[in-house]
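Peer 1: Sending over input-v3.txt (compact mmCIF, C-alpha atoms and all ligand atoms).
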# COMPACT_ATOMS: atom_id res chain seq x y z
CA MET A 2 -61.19 26.18 65.03
CA GLU A 3 -60.13 24.76 68.36
CA GLY A 4 -57.25 23.01 66.59
CA LEU A 5 -56.05 26.28 65.21
CA LEU A 6 -56.15 28.02 68.53
CA GLN A 7 -54.25 25.21 70.18
CA ARG A 8 -51.72 25.19 67.39
CA GLN A 9 -51.28 28.95 67.65
CA ARG A 10 -50.65 28.69 71.35
CA GLY A 11 -48.18 25.94 70.72
CA VAL A 12 -46.12 27.56 68.01
CA LEU A 13 -46.12 31.23 68.78
CA LEU A 14 -43.64 32.96 71.01
CA ARG A 15 -45.06 33.77 74.38
CA PRO A 16 -44.17 37.34 75.43
CA GLY A 17 -40.90 37.38 77.30
CA GLN A 18 -40.06 33.79 76.40
CA PRO A 19 -38.00 33.81 73.24
CA ARG A 20 -36.64 30.43 72.20
CA TRP A 21 -33.16 30.25 70.79
CA ARG A 22 -31.77 27.84 68.25
CA GLY A 23 -29.70 26.00 70.84
CA GLN A 24 -32.73 25.48 73.03
CA ASP A 25 -34.51 23.80 70.16
CA GLY A 26 -31.89 21.09 70.05
CA GLN A 27 -30.77 22.27 66.63
CA ASP A 28 -27.25 21.75 65.45
CA PRO A 29 -26.21 25.32 64.65
CA GLN A 30 -23.65 24.06 62.13
CA GLY A 31 -25.93 21.94 60.00
CA PRO A 32 -29.29 21.85 58.26
CA PRO A 33 -32.27 20.55 60.19
CA ALA A 34 -32.90 16.83 59.88
CA GLY A 35 -35.53 15.83 57.41
CA ARG A 36 -35.22 18.76 55.04
CA ARG A 37 -35.72 17.67 51.46
CA PRO A 38 -32.71 18.63 49.43
CA ALA A 39 -33.60 20.61 46.31
CA PRO A 40 -32.37 18.97 43.13
CA ALA A 41 -29.00 20.19 41.93
CA GLY A 42 -28.36 21.52 38.46
CA ARG A 43 -27.38 24.69 36.69
CA GLY A 44 -29.01 27.49 38.61
CA ALA A 45 -31.40 25.24 40.54
CA LEU A 46 -32.48 26.57 43.89
CA THR A 47 -30.33 24.37 46.05
CA THR A 48 -29.91 24.19 49.77
CA VAL A 49 -26.29 23.45 50.56
CA PRO A 50 -25.81 21.03 53.44
CA GLY A 51 -23.15 22.22 55.83
CA ALA A 52 -22.67 25.51 53.99
CA GLY A 53 -23.26 27.54 57.12
CA PRO A 54 -25.49 27.79 60.12
CA HIS A 55 -28.63 28.12 58.02
CA ALA A 56 -27.64 26.35 54.77
CA LEU A 57 -29.29 29.02 52.65
CA PRO A 58 -30.10 28.30 49.02
CA ASP A 59 -27.52 29.33 46.44
CA PHE A 60 -28.07 32.82 45.10
CA PRO A 61 -28.86 31.71 41.57
CA TRP A 62 -28.47 34.86 39.44
CA ASP A 63 -24.72 34.37 39.01
CA SER A 64 -25.44 31.39 36.74
CA LEU A 65 -26.96 33.80 34.22
CA ALA A 66 -23.61 35.57 33.68
CA GLY A 67 -22.87 33.63 30.46
CA ALA A 68 -26.28 34.42 28.93
CA ARG A 69 -25.92 38.04 29.99
CA ALA A 70 -22.50 38.34 28.35
CA ARG A 71 -23.77 36.75 25.15
CA ALA A 72 -26.85 39.02 25.05
CA ALA A 73 -24.65 42.09 25.61
CA GLN A 74 -22.93 41.38 22.29
CA HIS A 75 -26.13 42.15 20.38
CA PRO A 76 -25.56 45.31 18.31
CA GLY A 77 -28.78 46.81 19.67
CA GLY A 78 -27.70 46.26 23.27
CA VAL A 79 -29.07 43.90 25.88
CA VAL A 80 -32.75 43.73 26.81
CA ASP A 81 -32.69 42.46 30.37
CA LEU A 82 -36.06 40.97 31.31
CA SER A 83 -34.63 38.64 33.95
CA ILE A 84 -35.27 40.65 37.11
CA GLY A 85 -38.61 42.23 37.95
CA THR A 86 -37.34 45.58 39.15
CA PRO A 87 -39.53 48.56 38.21
CA VAL A 88 -37.94 51.18 35.92
CA ASP A 89 -40.62 53.87 35.53
CA PRO A 90 -40.43 57.01 37.69
CA THR A 91 -41.95 56.81 41.16
CA PRO A 92 -45.22 58.78 40.97
CA GLY A 93 -45.34 62.32 42.38
CA VAL A 94 -47.97 61.38 44.97
CA LEU A 95 -45.35 59.27 46.79
CA ARG A 96 -42.38 61.56 46.19
CA HIS A 97 -44.15 64.65 47.49
CA ALA A 98 -45.45 62.89 50.58
CA LEU A 99 -41.96 61.49 51.25
CA ALA A 100 -40.35 64.91 50.94
CA ALA A 101 -43.02 66.59 53.09
CA ALA A 102 -42.25 64.10 55.90
CA ALA A 103 -38.47 64.50 55.66
CA ASP A 104 -38.21 66.15 59.08
CA ALA A 105 -38.26 62.99 61.20
CA PRO A 106 -36.13 63.35 64.35
CA GLY A 107 -37.97 60.71 66.40
CA TYR A 108 -38.20 56.95 65.99
CA PRO A 109 -41.09 55.54 64.00
CA THR A 110 -43.22 52.82 65.57
CA ALA A 111 -43.36 49.24 64.31
CA LEU A 112 -47.14 49.57 64.34
CA GLY A 113 -47.12 52.41 61.83
CA THR A 114 -48.84 55.77 61.99
CA ARG A 115 -52.61 56.01 62.36
CA GLU A 116 -52.71 57.64 58.93
CA LEU A 117 -50.92 54.69 57.36
CA ARG A 118 -53.04 52.05 59.05
CA GLN A 119 -56.19 53.94 58.10
CA ALA A 120 -55.03 54.30 54.49
CA ALA A 121 -54.11 50.60 54.36
CA ALA A 122 -57.53 49.60 55.70
CA GLY A 123 -59.16 51.94 53.18
CA TRP A 124 -57.18 50.47 50.28
CA LEU A 125 -57.97 46.90 51.34
CA GLN A 126 -61.67 47.73 51.56
CA ARG A 127 -61.85 49.79 48.37
CA ARG A 128 -59.70 47.68 46.07
CA LEU A 129 -59.99 44.16 47.49
CA GLY A 130 -63.31 44.17 49.37
CA VAL A 131 -61.48 43.26 52.59
CA GLN A 132 -62.77 44.57 55.91
CA LEU A 133 -60.04 44.56 58.57
CA ALA A 134 -61.10 43.78 62.13
CA ASP A 135 -60.01 47.05 63.78
CA PRO A 136 -56.94 48.63 62.21
CA LEU A 137 -56.68 51.33 64.89
CA GLY A 138 -57.59 49.16 67.86
CA ALA A 139 -55.38 47.69 70.57
CA GLU A 140 -55.14 44.43 68.59
CA PRO A 141 -53.65 45.59 65.29
CA SER A 142 -54.95 43.91 62.17
CA VAL A 143 -52.37 45.55 59.88
CA VAL A 144 -48.70 46.52 60.27
CA PRO A 145 -46.27 48.06 57.77
CA THR A 146 -43.24 46.05 56.67
CA VAL A 147 -39.91 47.07 55.15
CA GLY A 148 -41.02 45.94 51.71
CA SER A 149 -42.49 42.47 51.68
CA LYS A 150 -39.32 40.43 51.07
CA GLU A 151 -38.06 40.79 54.64
CA LEU A 152 -41.47 39.81 55.94
CA VAL A 153 -41.60 36.75 53.69
CA ALA A 154 -38.11 35.74 54.79
CA LEU A 155 -38.76 36.37 58.49
CA LEU A 156 -42.38 35.34 58.96
CA PRO A 157 -41.77 31.80 60.25
CA THR A 158 -39.20 33.23 62.68
CA LEU A 159 -41.46 36.10 63.76
CA LEU A 160 -44.28 33.63 64.42
CA GLY A 161 -41.95 31.59 66.62
CA LEU A 162 -42.03 28.56 64.31
CA ARG A 163 -38.37 27.82 64.82
CA GLY A 164 -36.68 24.49 64.51
CA ARG A 165 -39.48 22.00 63.99
CA GLY A 166 -42.03 21.43 61.30
CA THR A 167 -42.57 21.98 57.61
CA VAL A 168 -43.51 25.07 55.61
CA VAL A 169 -45.70 24.43 52.57
CA VAL A 170 -44.75 26.60 49.58
CA PRO A 171 -45.99 26.74 45.97
CA GLU A 172 -44.70 24.03 43.63
CA VAL A 173 -43.09 26.76 41.51
CA GLY A 174 -42.57 29.93 43.48
CA TYR A 175 -40.69 32.92 44.78
CA PRO A 176 -37.50 31.52 46.40
CA THR A 177 -37.79 33.60 49.58
CA TYR A 178 -40.50 31.31 50.99
CA GLU A 179 -37.85 28.58 51.14
CA VAL A 180 -35.26 31.01 52.52
CA GLY A 181 -37.61 31.92 55.36
CA ALA A 182 -38.14 28.27 56.24
CA VAL A 183 -34.41 27.54 56.14
CA VAL A 184 -33.58 30.55 58.33
CA ALA A 185 -36.06 29.24 60.90
CA GLY A 186 -34.64 25.70 60.67
CA LEU A 187 -37.79 24.29 59.08
CA ALA A 188 -38.34 21.84 56.24
CA VAL A 189 -40.02 22.80 52.96
CA HIS A 190 -42.73 20.96 51.05
CA ARG A 191 -43.64 22.16 47.56
CA THR A 192 -47.25 21.61 46.60
CA ASP A 193 -50.18 23.40 44.99
CA THR A 194 -52.84 21.25 46.59
CA PRO A 195 -53.60 20.73 50.27
CA PRO A 196 -51.82 17.57 51.44
CA GLU A 197 -54.01 14.67 52.46
CA ARG A 198 -52.48 14.69 55.92
CA PRO A 199 -51.11 17.77 57.66
CA GLY A 200 -48.04 15.94 59.00
CA ASP A 201 -45.90 18.50 60.80
CA THR A 202 -46.95 21.46 58.63
CA VAL A 203 -46.70 24.71 60.61
CA LEU A 204 -47.32 27.30 57.88
CA VAL A 205 -48.74 27.49 54.36
CA TRP A 206 -47.62 30.09 51.81
CA LEU A 207 -49.91 30.89 48.91
CA ASN A 208 -48.94 33.35 46.16
CA SER A 209 -51.71 34.74 43.99
CA PRO A 210 -51.11 36.23 41.48
CA GLY A 211 -48.01 34.09 41.43
CA ASN A 212 -44.40 34.81 40.69
CA PRO A 213 -43.01 33.51 38.33
CA HIS A 214 -46.00 32.15 36.38
CA GLY A 215 -48.70 34.75 36.91
CA ARG A 216 -51.20 32.12 37.98
CA VAL A 217 -54.22 33.32 39.95
CA LEU A 218 -55.81 30.97 42.47
CA THR A 219 -59.54 30.50 41.99
CA ASP A 220 -61.98 31.16 44.79
CA ALA A 221 -62.41 27.38 45.12
CA GLN A 222 -58.64 26.82 45.44
CA LEU A 223 -58.30 29.62 48.01
CA SER A 224 -61.30 28.31 49.97
CA ASP A 225 -59.86 24.78 49.98
CA TRP A 226 -56.60 26.00 51.49
CA VAL A 227 -58.41 28.13 54.06
CA ALA A 228 -60.59 25.21 55.09
CA TRP A 229 -57.54 22.92 55.27
CA GLY A 230 -55.54 25.41 57.34
CA ARG A 231 -58.38 25.95 59.77
CA ALA A 232 -59.16 22.25 60.07
CA HIS A 233 -55.55 21.47 60.94
CA GLY A 234 -54.68 24.59 62.92
CA VAL A 235 -52.12 25.80 60.39
CA PRO A 236 -51.88 29.52 59.52
CA VAL A 237 -52.38 30.22 55.81
CA VAL A 238 -50.52 33.26 54.46
CA ALA A 239 -51.20 34.65 51.00
CA ASP A 240 -48.56 36.76 49.30
CA GLU A 241 -50.66 39.10 47.18
CA CYS A 242 -48.05 41.62 46.13
CA TYR A 243 -49.26 41.54 42.48
CA VAL A 244 -52.94 41.77 43.40
CA GLU A 245 -53.42 45.08 41.54
CA LEU A 246 -52.08 43.55 38.31
CA GLY A 247 -54.85 41.26 37.10
CA TRP A 248 -55.13 41.08 33.27
CA ASP A 249 -57.49 38.27 32.27
CA VAL A 250 -58.96 37.75 35.75
CA VAL A 251 -59.56 39.80 38.88
CA PRO A 252 -57.50 38.27 41.72
CA THR A 253 -59.32 37.64 45.01
CA SER A 254 -57.68 38.25 48.38
CA VAL A 255 -57.58 35.41 50.87
CA LEU A 256 -59.09 37.90 53.32
CA HIS A 257 -62.16 38.54 51.17
CA PRO A 258 -65.35 37.52 53.01
CA ARG A 259 -66.18 35.09 50.19
CA ILE A 260 -63.01 33.19 51.07
CA ALA A 261 -62.34 33.98 54.73
CA GLY A 262 -65.93 34.01 55.99
CA ALA A 263 -66.92 36.22 58.88
CA ASP A 264 -63.43 36.77 60.30
CA HIS A 265 -59.75 36.35 59.46
CA THR A 266 -58.88 33.63 61.97
CA GLY A 267 -55.73 31.81 60.91
CA LEU A 268 -55.22 33.97 57.81
CA LEU A 269 -52.67 36.61 56.81
CA ALA A 270 -52.16 38.59 53.61
CA VAL A 271 -48.97 40.26 52.39
CA HIS A 272 -49.04 43.33 50.13
CA SER A 273 -46.38 45.57 48.67
CA LEU A 274 -46.12 49.00 47.12
CA SER A 275 -43.03 48.04 45.12
CA LYS A 276 -44.84 47.11 41.92
CA GLN A 277 -48.25 48.73 42.15
CA SER A 278 -46.78 52.13 43.09
CA THR A 279 -43.41 51.80 41.30
CA ALA A 280 -41.63 52.25 44.62
CA ALA A 281 -39.40 49.22 45.19
CA GLY A 282 -36.69 51.59 46.45
CA TYR A 283 -38.95 52.89 49.21
CA ARG A 284 -39.38 49.45 50.80
CA GLY A 285 -43.04 49.64 51.76
CA GLY A 286 -45.19 46.59 52.44
CA LEU A 287 -48.14 45.50 54.59
CA LEU A 288 -49.10 42.49 56.67
CA SER A 289 -52.78 42.19 57.55
CA GLY A 290 -55.35 39.69 58.71
CA ASP A 291 -55.91 37.68 61.91
CA PRO A 292 -55.28 40.14 64.79
CA ALA A 293 -53.78 37.38 66.96
CA LEU A 294 -51.17 36.55 64.32
CA VAL A 295 -50.51 40.18 63.37
CA ARG A 296 -50.00 40.99 67.03
CA ARG A 297 -47.37 38.27 67.42
CA VAL A 298 -45.49 39.51 64.39
CA TRP A 299 -45.77 43.12 65.53
CA GLU A 300 -44.50 42.36 69.04
CA VAL A 301 -41.37 40.70 67.76
CA ARG A 302 -40.83 43.39 65.10
CA ARG A 303 -40.82 46.02 67.86
CA HIS A 304 -38.05 44.16 69.66
CA LEU A 305 -36.04 43.71 66.47
CA GLY A 306 -36.41 47.34 65.38
CA LEU A 307 -37.99 46.36 62.07
CA LEU A 308 -39.35 49.84 61.52
CA VAL A 309 -40.54 51.50 58.32
CA PRO A 310 -38.94 54.98 58.18
CA THR A 311 -41.37 57.83 58.94
CA PRO A 312 -41.08 59.50 55.49
CA VAL A 313 -41.76 56.15 53.81
CA GLN A 314 -44.80 55.62 56.02
CA ALA A 315 -46.08 59.01 54.86
CA ALA A 316 -45.46 58.08 51.22
CA MET A 317 -47.23 54.74 51.73
CA ALA A 318 -50.25 56.44 53.29
CA ALA A 319 -50.49 58.84 50.35
CA ALA A 320 -50.05 56.03 47.81
CA LEU A 321 -52.66 53.78 49.43
CA ALA A 322 -55.19 56.62 49.32
CA ASP A 323 -54.68 57.24 45.58
CA ASP A 324 -55.88 54.78 42.94
CA ALA A 325 -55.06 56.94 39.91
CA HIS A 326 -51.29 56.34 39.87
CA VAL A 327 -51.82 52.58 40.24
CA ALA A 328 -54.23 52.57 37.30
CA ALA A 329 -51.78 54.59 35.16
CA GLN A 330 -48.93 52.20 35.91
CA ARG A 331 -51.14 49.21 35.25
CA GLU A 332 -51.88 50.56 31.77
CA ARG A 333 -48.13 50.87 31.07
CA TYR A 334 -47.62 47.24 32.00
CA ARG A 335 -50.71 46.17 30.06
CA ALA A 336 -49.37 47.78 26.86
CA ARG A 337 -45.94 46.18 27.29
CA ARG A 338 -47.50 42.82 28.06
CA GLU A 339 -49.65 42.84 24.93
CA LEU A 340 -46.73 43.71 22.66
CA LEU A 341 -44.32 41.24 24.22
CA ALA A 342 -46.86 38.40 24.42
CA ALA A 343 -47.73 38.75 20.73
CA ALA A 344 -44.03 38.72 19.80
CA VAL A 345 -43.27 35.67 21.97
CA ARG A 346 -46.11 33.75 20.30
CA ALA A 347 -45.05 34.95 16.84
CA ALA A 348 -41.59 33.52 17.59
CA GLY A 349 -43.17 30.11 18.17
CA ALA A 350 -43.08 29.94 21.96
CA ARG A 351 -46.07 29.30 24.24
CA ILE A 352 -47.20 31.39 27.20
CA ASP A 353 -48.69 29.50 30.15
CA HIS A 354 -50.75 31.06 32.95
CA SER A 355 -49.64 34.73 33.04
CA GLU A 356 -53.23 35.89 33.54
CA ALA A 357 -51.97 38.39 36.12
CA GLY A 358 -48.77 39.83 37.53
CA LEU A 359 -45.63 41.23 36.03
CA TYR A 360 -44.27 38.29 34.04
CA LEU A 361 -44.80 36.09 31.00
CA TRP A 362 -44.23 32.38 31.73
CA VAL A 363 -42.82 31.15 28.47
CA THR A 364 -41.93 27.70 27.16
CA ARG A 365 -40.75 26.09 23.94
CA ASP A 366 -41.22 22.63 25.54
CA GLU A 367 -37.48 22.29 26.09
CA ASP A 368 -35.06 22.68 28.98
CA CYS A 369 -35.17 26.26 30.25
CA TRP A 370 -31.44 26.74 29.66
CA THR A 371 -31.92 25.99 25.95
CA THR A 372 -34.57 28.73 25.83
CA ILE A 373 -32.25 31.05 27.79
CA ASP A 374 -29.53 30.48 25.19
CA TRP A 375 -31.97 31.11 22.30
CA LEU A 376 -33.07 34.40 23.86
CA ALA A 377 -29.49 35.41 24.67
CA GLY A 378 -28.74 35.04 20.97
CA LEU A 379 -31.43 37.68 20.38
CA GLY A 380 -29.87 39.92 23.02
CA VAL A 381 -32.64 39.17 25.54
CA VAL A 382 -32.02 37.93 29.10
CA ALA A 383 -34.77 35.93 30.82
CA ALA A 384 -34.95 34.16 34.17
CA PRO A 385 -34.71 30.35 33.98
CA GLY A 386 -37.79 28.67 35.41
CA ALA A 387 -35.59 26.23 37.33
CA PHE A 388 -34.79 29.11 39.73
CA TYR A 389 -38.33 28.76 41.06
CA GLY A 390 -38.50 25.03 41.64
CA PRO A 391 -37.92 21.79 39.70
CA ALA A 392 -41.37 21.99 38.09
CA GLY A 393 -40.32 25.25 36.41
CA ALA A 394 -37.42 23.66 34.54
CA ARG A 395 -39.05 23.89 31.10
CA HIS A 396 -40.11 27.53 31.30
CA VAL A 397 -38.45 30.92 31.38
CA ARG A 398 -39.81 34.08 32.98
CA LEU A 399 -39.90 37.35 31.05
CA ALA A 400 -40.47 40.47 33.18
CA LEU A 401 -42.56 43.39 31.94
CA THR A 402 -40.41 45.78 33.97
CA ALA A 403 -38.42 47.30 31.11
CA SER A 404 -38.83 50.63 29.36
CA ASP A 405 -41.12 50.90 26.33
CA GLU A 406 -38.00 51.32 24.22
CA ARG A 407 -36.41 48.09 25.48
CA ILE A 408 -39.67 46.15 25.14
CA ALA A 409 -39.95 47.43 21.55
CA ALA A 410 -36.38 46.23 20.90
CA ALA A 411 -37.25 42.76 22.23
CA VAL A 412 -40.42 42.66 20.10
CA GLU A 413 -38.48 43.61 16.98
CA ARG A 414 -35.88 40.88 17.55
CA LEU A 415 -38.44 38.20 18.34
CA THR A 416 -40.47 38.97 15.22
CA ALA A 417 -37.57 39.61 12.80
C1 LIG B 501 -44.03 36.95 45.04
C2 LIG B 501 -43.20 38.04 45.61
N1 LIG B 501 -43.33 38.34 46.91
C3 LIG B 501 -42.61 39.31 47.47
C4 LIG B 501 -41.71 40.06 46.73
C5 LIG B 501 -40.90 41.11 47.43
O1 LIG B 501 -41.20 42.38 46.99
P1 LIG B 501 -40.88 43.65 47.87
O2 LIG B 501 -39.89 43.26 48.92
O3 LIG B 501 -40.32 44.64 46.93
O4 LIG B 501 -42.17 44.08 48.47
C6 LIG B 501 -41.54 39.79 45.38
C7 LIG B 501 -40.57 40.56 44.60
O5 LIG B 501 -40.37 40.43 43.44
C8 LIG B 501 -42.31 38.76 44.80
O6 LIG B 501 -42.20 38.46 43.50
Let me see the structure of the file written as structure tokens.
Peer 2:
Amino acid sequence: MEGLLQRQRGVLLRPGQPRWRGQDGQDPQGPPAGRRPAPAGRGALTTVPGAGPHALPDFPWDSLAGARARAAQHPGGVVDLSIGTPVDPTPGVLRHALAAAADAPGYPTALGTRELRQAAAGWLQRRLGVQLADPLGAEPSVVPTVGSKELVALLPTLLGLRGRGTVVVPEVGYPTYEVGAVVAGLAVHRTDTPPERPGDTVLVWLNSPGNPHGRVLTDAQLSDWVAWGRAHGVPVVADECYVELGWDVVPTSVLHPRIAGADHTGLLAVHSLSKQSTAAGYRGGLLSGDPALVRRVWEVRRHLGLLVPTPVQAAMAAALADDAHVAAQRERYRARRELLAAAVRAAGARIDHSEAGLYLWVTRDEDCWTTIDWLAGLGVVAAPGAFYGPAGARHVRLALTASDERIAAAVERLTA
């Protein structure tokens, strides 16, 4: 524990003492030394040395243009399952609360309203069995975020981890973990198991249920990471934005007492209303856990003006207090998943993991671009697994975020 506290003191911004890139000895025109280059290839997530001050990864979706054009030629029209953007209507409980809070002349706070923090704490307790330290106290244990993507991309920066060290990310994972490391001038190490030695690791990202493969970390895996992080003084952050979408298993939060123990020291969890409440356009997310870490993030967010708009905070509070709309949406996804999974298997492909979340992780034991071309011939667009890391290069990701009509069209084509 002492290690963690020392490490936190060492890496976090002290109030009033921001560090700037130049002060870290970083070359603002080049990538930080020691970063592992991602392998190149069609659509691979690739950091580009010298491409700019931060050498961000390529934005890979453009490489799907050919498959998209081919799929669009299908007489029944394209079924685009490549991007996980919700398509069902945002539930009334959010829309009404948003509209009722439309009169918002004053600035919102970065901390969020009492109602929102209380609703977030209630949801965490009710749905995930997580007891926050003191959501309304002087040391906040939860803050709202502008969706979770900005938080994922900014977290290393907000924690003051700029310019030295390595961020551990899942072997196959959501690309924004790497983006956040690159923006902060940090190296990236992809692994699903705690490294033997901590080296210069400054942050660990877990993602359960995972994007793209829908894998859920077991209690033992979560506990191993928590023990490793605490032993080496490295914060462990779990992105749990699909936590309400467990199919074959019930996902456990890293903040659950079975995993975290008596308190949340060194741990953070990220949640999002985008998928569970069909509200990606609202941009509502949450960061919760260790009050010392949440406080650091909150303090910097205040300075940056990273504020969730007041009407969205009201909609989030209403959504987090209502389980019925989440359950209804879950049933829509469950029905689509069952139909699509059966059709994928009938077509001779295999589905790996996918026990939770919004995607099917599909393989025909071939290069993902061959599978992409096969699907494009059926008028279906998928996401190539290589987008998510080299170990994903023989899978494609099919999103469940399409209308019933489009899912039925995909099923018909796959089983014809
Ligand atoms: C694993 C993961 N984390 C975070 C996000 C960001 O979601 P949002 O910004 O809508 O909360 C996504 C979006 O697809 C995701 O898949």
Peer 1: Identify, on the basis of only C-alpha atoms, every residue whose closest approach to Leu307 (chain A) does not exceed 10 Å; exclude the query and any residue fewer than 2 positions from it along the same chain; express the result as an mmCIF file with C-alpha atoms, in the coordinates of the input.
Peer 2:
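Result went into result_3.cif, see below:
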data_model
loop_
_atom_site.group_PDB
_atom_site.id
_atom_site.type_symbol
_atom_site.label_atom_id
_atom_site.label_comp_id
_atom_site.auth_asym_id
_atom_site.auth_seq_id
_atom_site.Cartn_x
_atom_site.Cartn_y
_atom_site.Cartn_z
ATOM 1 C CA PRO A 109 -41.090 55.540 64.000
ATOM 2 C CA THR A 110 -43.220 52.820 65.570
ATOM 3 C CA ALA A 111 -43.360 49.240 64.310
ATOM 4 C CA LEU A 112 -47.140 49.570 64.340
ATOM 5 C CA PRO A 145 -46.270 48.060 57.770
ATOM 6 C CA THR A 146 -43.240 46.050 56.670
ATOM 7 C CA VAL A 147 -39.910 47.070 55.150
ATOM 8 C CA GLU A 151 -38.060 40.790 54.640
ATOM 9 C CA LEU A 152 -41.470 39.810 55.940
ATOM 10 C CA TRP A 299 -45.770 43.120 65.530
ATOM 11 C CA VAL A 301 -41.370 40.700 67.760
ATOM 12 C CA ARG A 302 -40.830 43.390 65.100
ATOM 13 C CA ARG A 303 -40.820 46.020 67.860
ATOM 14 C CA HIS A 304 -38.050 44.160 69.660
ATOM 15 C CA LEU A 305 -36.040 43.710 66.470
ATOM 16 C CA VAL A 309 -40.540 51.500 58.320
ATOM 17 C CA PRO A 310 -38.940 54.980 58.180
#
Peer 1: Taking all atoms of ligand LIG 501 (chain B) that the file lists and extending 8 Å past them on each side, where is the centre of the axis-aligned box and how long are its edges? Answer in Å to one decimal, as AutoDock Vina command-line options.
Peer 2:
--center_x -42.0 --center_y 40.8 --center_z 46.2 --size_x 20.1 --size_y 23.7 --size_z 21.5
Peer 1: For a quick check of understanding, using only C-alpha atoms, which of A:Glu245, A:Gly358, A:Ala377, A:Gly161 has the smallest distance to Ala70 (chain A)?
Peer 2: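 Distance minimum relative to Ala70 (chain A) lands on A:Ala377.
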Peer 1: Could you give me, as JSON, numbers by chain, the residues within 9 Å of Leu246 (chain A), counting all atoms listed in the file and dropping anything in the same chain fewer than 5 positions from it?
Peer 2: {"A": [210, 251, 252, 276, 277, 331, 334, 335, 357, 358, 359]}
Peer 1: Which residue is closest to ligand LIG 501 (chain B)? Choose from A:Pro87, A:Gly93, A:Pro391, A:Pro196 and count only C-alpha atoms and all ligand atoms.
Peer 2: A:Pro87
Peer 1: If the limit is 7 Å from any atom of ligand LIG 501 (chain B), counting all atoms listed in the file, which residues qualify? Return them as a list in words.
Peer 2: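 So the residues close to ligand LIG 501 (chain B) are Gly85, Gly148, Ser149, Lys150, Glu151, Val153, Tyr175, Asn208, Gly211, Asn212, Asp240, Cys242, Ser273, Leu274, Ser275, Ala281, Arg284, Gly285 and Gly286 of chain A.
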Peer 1: For Val238 (chain A), please output as a list in words all residues within 8 Å (counting only C-alpha atoms; exclusion window: fewer than 2 positions along the same chain).
Peer 2: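 Within the cut-off, the hits are Leu204, Val205, Trp206, Leu207, Pro236, Asp240, Leu268, Leu269, Ala270 and Val271 of chain A.
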Peer 1: Between A:Val131, A:Ala139, A:Ala328, A:Ile408, which one has atoms that come closest to Val255 (chain A), using only C-alpha atoms?
Peer 2: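 Counting only C-alpha atoms, the residue closest to Val255 (chain A) is A:Val131.
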Peer 1: Nearest to Val235 (chain A): which of A:Gly186, A:Gly78, A:Pro171, A:Gly166 is it, counting all atoms listed in the file?
Peer 2: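 So, comparing all the options, the nearest one is A:Gly166.
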Peer 1: For the point (-62.8, 32.7, 39.0) in the file's frame, write as a PyMOL selection string all residues with an atom no more than 10 Å away, counting only C-alpha atoms.
Peer 2: chain A and resi 217-222+250-253
Peer 1: Hey, which of A:Val327, A:Val88, A:Ala411, A:Ala98 ends up closest to Tyr243 (chain A)? Count only C-alpha atoms.
Peer 2: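 Counting only C-alpha atoms, the residue closest to Tyr243 (chain A) is A:Val327.
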Peer 1: Given all atoms listed in the file as the basis, pick out the residue of A:Leu415, A:Leu82, A:Val397, A:Ala56 nearest to Gly349 (chain A).
Peer 2: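 With all atoms listed in the file as the atom set, the closest residue is A:Leu415.
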Peer 1: What does the structure give for the distance between CA of Arg96 (chain A) and CA of Thr114 (chain A), in Å to one decimal?
Peer 2: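 Computing the Euclidean distance for CA of Arg96 (chain A) and CA of Thr114 (chain A) yields 18.0 Å.
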Peer 1: Rounded to one decimal, what separation in Å do you get between CA of Asp249 (chain A) and CA of Glu339 (chain A)?
Peer 2: 11.7 Å
Peer 1: To one decimal place in Å, what is the distance between CA of Val203 (chain A) and CA of Leu125 (chain A)?
Peer 2: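 Atom-to-atom, CA of Val203 (chain A) and CA of Leu125 (chain A) are spaced 26.6 Å apart.
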Peer 1: Mind checking which residues fall within 10 Å of Ala417 (chain A), counting all atoms listed in the file, ignoring those fewer than 2 positions away in the same chain, and posting them as an MDAnalysis selection string?
Peer 2: chainID A and resid 344 347:348 379 411:415
Peer 1: N, CA and C atoms are what I want for region 118-124 of chain A; can you complete it accordingly and write them as a PDB file, in the frame of the given file?
Peer 2:
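Saved result, part15.pdb, follows:
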ATOM      1  N   ARG A 118     -52.161  53.192  58.806  1.00  0.00           N
ATOM      2  CA  ARG A 118     -53.040  52.050  59.050  1.00  0.00           C
ATOM      3  C   ARG A 118     -54.452  52.302  58.492  1.00  0.00           C
ATOM      4  N   GLN A 119     -54.875  53.588  58.634  1.00  0.00           N
ATOM      5  CA  GLN A 119     -56.190  53.940  58.100  1.00  0.00           C
ATOM      6  C   GLN A 119     -56.193  53.848  56.560  1.00  0.00           C
ATOM      7  N   ALA A 120     -55.108  54.343  55.955  1.00  0.00           N
ATOM      8  CA  ALA A 120     -55.030  54.300  54.490  1.00  0.00           C
ATOM      9  C   ALA A 120     -54.952  52.851  54.000  1.00  0.00           C
ATOM     10  N   ALA A 121     -54.221  52.008  54.742  1.00  0.00           N
ATOM     11  CA  ALA A 121     -54.110  50.600  54.360  1.00  0.00           C
ATOM     12  C   ALA A 121     -55.486  49.917  54.441  1.00  0.00           C
ATOM     13  N   ALA A 122     -56.197  50.196  55.544  1.00  0.00           N
ATOM     14  CA  ALA A 122     -57.530  49.600  55.700  1.00  0.00           C
ATOM     15  C   ALA A 122     -58.455  50.093  54.592  1.00  0.00           C
ATOM     16  N   GLY A 123     -58.333  51.377  54.243  1.00  0.00           N
ATOM     17  CA  GLY A 123     -59.160  51.940  53.180  1.00  0.00           C
ATOM     18  C   GLY A 123     -58.869  51.293  51.833  1.00  0.00           C
ATOM     19  N   TRP A 124     -57.567  51.102  51.555  1.00  0.00           N
ATOM     20  CA  TRP A 124     -57.180  50.470  50.280  1.00  0.00           C
ATOM     21  C   TRP A 124     -57.692  49.021  50.219  1.00  0.00           C
TER      22      TRP A 124
END
